[in-house]
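One structure below.
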Amino acid sequence: MARRGYVQLVNGFYDNDKIRDLVRMGRADSVGVYCMALSLCGDRLTDGFVPRRAMLSNIGATPEQVRALVDEGMLEEVEGGWLIHDYAEHNRTKEQVLHARKKSAERVAKHRNESDVTALHRNCNAVTSGQTPEHQNTRTQKKEKEEYSSSFSKESVKDFGESRECVETDKTLAAEYPNLDLESAWLAFADRHQHETRTINDWTRQWKGWCQRRANMSGIPPSKRHIHTWKCRHVLEALGRDEETAQADEKACELADKLNKEENHDYERD
């Protein structure tokens, strides 16, 4: 999956004096060039530098379009190309992006290692207690679900990012939107909500909705959504059953129907 970051335009960009001047002069096309140059810098992590070749070839700008931006002070001509004025004031630098990617990778690796260690301890405990790993695993998962459902403490987005629930949600989103760059989505999400606190349940819903909207805006279609049944793994785990003891009874069917309704509600709301 290719890494894709993001750049920012303030909400009042359209009403900026420089933009209005360009439009009045009939140079609205230069505004498009500026936006494309901004995107190129964010994609290539150039800290606002636009190489001459990229400006003329990749963006396809004309000398007149570029000159209009230079005259308005939106671009500064430098050796080998142009520099976007105050780029780092509104966008992350290369150093900041790489640092965030490193922290994100460490977060994923940490949870992956913790999951492996937990699974190893669980299997060892199952052997010493005379239980099968599958039985022990089911009981542990059920207990964790019960503990989680009774927790109403509020956490920061950073704490949510380090939680087991976030990792599980990431797995679901990766399966649902395999072409969505979750790393880039998370960086934008964490930046947007960095001063907020919510319950883990609320964070999970917010994070899922954020990724669904981001995928829709990017034209990324979801893969086929999972339909819960009385014998799917989600129902079996929630009821503490396995495939051998699974039954198409009222309890299992009601739970499957409930899970499907909850997920449909999330889609409609988001």
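Every chain in the structure tokens has a letter given in the order shown (A, B, ...), and although residue numbers restart at 1 in each chain, ligands are simply numbered from 1 in the order shown.
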Closest contacts (range 59-120 of chain A/range 18-24 of chain A, max 10 Å, only C-alpha atoms) as a Markdown table:
| residue | atom | partner | partner_atom | distance |
| --- | --- | --- | --- | --- |
| A:Gln65 | CA | A:Leu22 | CA | 9.9 |
| A:Ala68 | CA | A:Leu22 | CA | 7.5 |
| A:Leu69 | CA | A:Leu22 | CA | 8.2 |
| A:Asp71 | CA | A:Lys18 | CA | 9.8 |
| A:Glu72 | CA | A:Lys18 | CA | 6.1 |
| A:Gly73 | CA | A:Lys18 | CA | 8.2 |
| A:Met74 | CA | A:Lys18 | CA | 7.9 |
**Item:** Residues flagged strand (DSSP E or B) by DSSP in range 15-261 of chain A, as a PyMOL selection string
**Value:** chain A and resi 49-51+75-78+81-84+154-156+197-199
Selected residues written out with N, CA and C atoms, as a PDB file, in the first residue's frame:
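Written out: result_1.pdb:
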ATOM      1  N   PHE A  49       9.150  23.013  -1.605  1.00  0.00           N
ATOM      2  CA  PHE A  49       9.936  23.280  -2.811  1.00  0.00           C
ATOM      3  C   PHE A  49       9.323  22.553  -4.005  1.00  0.00           C
ATOM      4  N   VAL A  50       9.095  23.291  -5.101  1.00  0.00           N
ATOM      5  CA  VAL A  50       8.547  22.715  -6.333  1.00  0.00           C
ATOM      6  C   VAL A  50       9.619  22.794  -7.423  1.00  0.00           C
ATOM      7  N   PRO A  51      10.211  21.681  -7.807  1.00  0.00           N
ATOM      8  CA  PRO A  51      11.238  21.705  -8.855  1.00  0.00           C
ATOM      9  C   PRO A  51      10.674  22.245 -10.172  1.00  0.00           C
ATOM     10  N   LEU A  75       4.338  32.213  -4.439  1.00  0.00           N
ATOM     11  CA  LEU A  75       5.521  31.423  -4.788  1.00  0.00           C
ATOM     12  C   LEU A  75       6.737  32.333  -4.766  1.00  0.00           C
ATOM     13  N   GLU A  76       7.836  31.763  -4.364  1.00  0.00           N
ATOM     14  CA  GLU A  76       9.104  32.500  -4.391  1.00  0.00           C
ATOM     15  C   GLU A  76      10.071  31.758  -5.313  1.00  0.00           C
ATOM     16  N   GLU A  77      10.585  32.447  -6.298  1.00  0.00           N
ATOM     17  CA  GLU A  77      11.503  31.801  -7.242  1.00  0.00           C
ATOM     18  C   GLU A  77      12.856  31.595  -6.575  1.00  0.00           C
ATOM     19  N   VAL A  78      13.337  30.358  -6.605  1.00  0.00           N
ATOM     20  CA  VAL A  78      14.633  29.999  -6.022  1.00  0.00           C
ATOM     21  C   VAL A  78      15.391  29.172  -7.054  1.00  0.00           C
ATOM     22  N   GLY A  81      13.796  26.033  -9.081  1.00  0.00           N
ATOM     23  CA  GLY A  81      12.341  25.949  -9.041  1.00  0.00           C
ATOM     24  C   GLY A  81      11.716  27.057  -8.216  1.00  0.00           C
ATOM     25  N   TRP A  82      10.668  26.704  -7.445  1.00  0.00           N
ATOM     26  CA  TRP A  82       9.947  27.697  -6.658  1.00  0.00           C
ATOM     27  C   TRP A  82       9.680  27.141  -5.257  1.00  0.00           C
ATOM     28  N   LEU A  83       9.478  28.058  -4.316  1.00  0.00           N
ATOM     29  CA  LEU A  83       9.187  27.689  -2.937  1.00  0.00           C
ATOM     30  C   LEU A  83       7.826  28.278  -2.562  1.00  0.00           C
ATOM     31  N   ILE A  84       6.937  27.418  -2.037  1.00  0.00           N
ATOM     32  CA  ILE A  84       5.612  27.885  -1.609  1.00  0.00           C
ATOM     33  C   ILE A  84       5.766  28.714  -0.333  1.00  0.00           C
ATOM     34  N   LYS A 154     -12.872   7.943  30.235  1.00  0.00           N
ATOM     35  CA  LYS A 154     -12.545   8.689  29.025  1.00  0.00           C
ATOM     36  C   LYS A 154     -11.041   8.686  28.799  1.00  0.00           C
ATOM     37  N   GLU A 155     -10.651   8.500  27.538  1.00  0.00           N
ATOM     38  CA  GLU A 155      -9.247   8.399  27.166  1.00  0.00           C
ATOM     39  C   GLU A 155      -8.921   9.438  26.094  1.00  0.00           C
ATOM     40  N   SER A 156      -7.645   9.778  25.992  1.00  0.00           N
ATOM     41  CA  SER A 156      -7.199  10.663  24.917  1.00  0.00           C
ATOM     42  C   SER A 156      -7.089   9.852  23.630  1.00  0.00           C
ATOM     43  N   THR A 197     -11.122  14.023  24.765  1.00  0.00           N
ATOM     44  CA  THR A 197     -11.175  12.765  25.506  1.00  0.00           C
ATOM     45  C   THR A 197     -12.548  12.141  25.293  1.00  0.00           C
ATOM     46  N   ARG A 198     -12.562  10.832  25.092  1.00  0.00           N
ATOM     47  CA  ARG A 198     -13.805  10.102  24.871  1.00  0.00           C
ATOM     48  C   ARG A 198     -13.660   8.707  25.458  1.00  0.00           C
ATOM     49  N   THR A 199     -14.765   8.001  25.545  1.00  0.00           N
ATOM     50  CA  THR A 199     -14.685   6.605  25.947  1.00  0.00           C
ATOM     51  C   THR A 199     -14.145   5.794  24.778  1.00  0.00           C
TER      52      THR A 199
END
**Item:** Which of A:Ser153, A:Pro178, A:Arg27, A:Ala61 sits closest to Ser223 in chain A [using only C-alpha atoms]
**Value:** A:Pro178
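Ranking A:Lys171, A:Arg52, A:Glu95, A:Arg192 by their shortest atom-to-atom distance to Glu79 in chain A, with only C-alpha atoms included, puts A:Arg52 first.
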**Message:** Restricting the calculation to only C-alpha atoms: of A:Glu196, A:Asp47, A:Glu106, A:Glu176, which residue gets closest to Tyr87 in chain A?
**Reply:** A:Asp47
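Reported to one decimal place, the separation of CA of Val235 in chain A from CA of Ala252 in chain A is 6.6 Å.
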**Message:** Which residues are near Cys35 in chain A? Cut-off 10 Å, only C-alpha atoms, ignore same chain within fewer than 6 positions. Put them as a list in words.
**Reply:** Val7, Gln8, Leu9, Cys41 and Ile59 of chain A
**Complete:** Residue with the minimum atom-to-atom distance to Cys166 in chain A, picked from A:Asp202, A:Asp15, A:Glu243, A:Asp86 with only C-alpha atoms counted, is A:Asp202
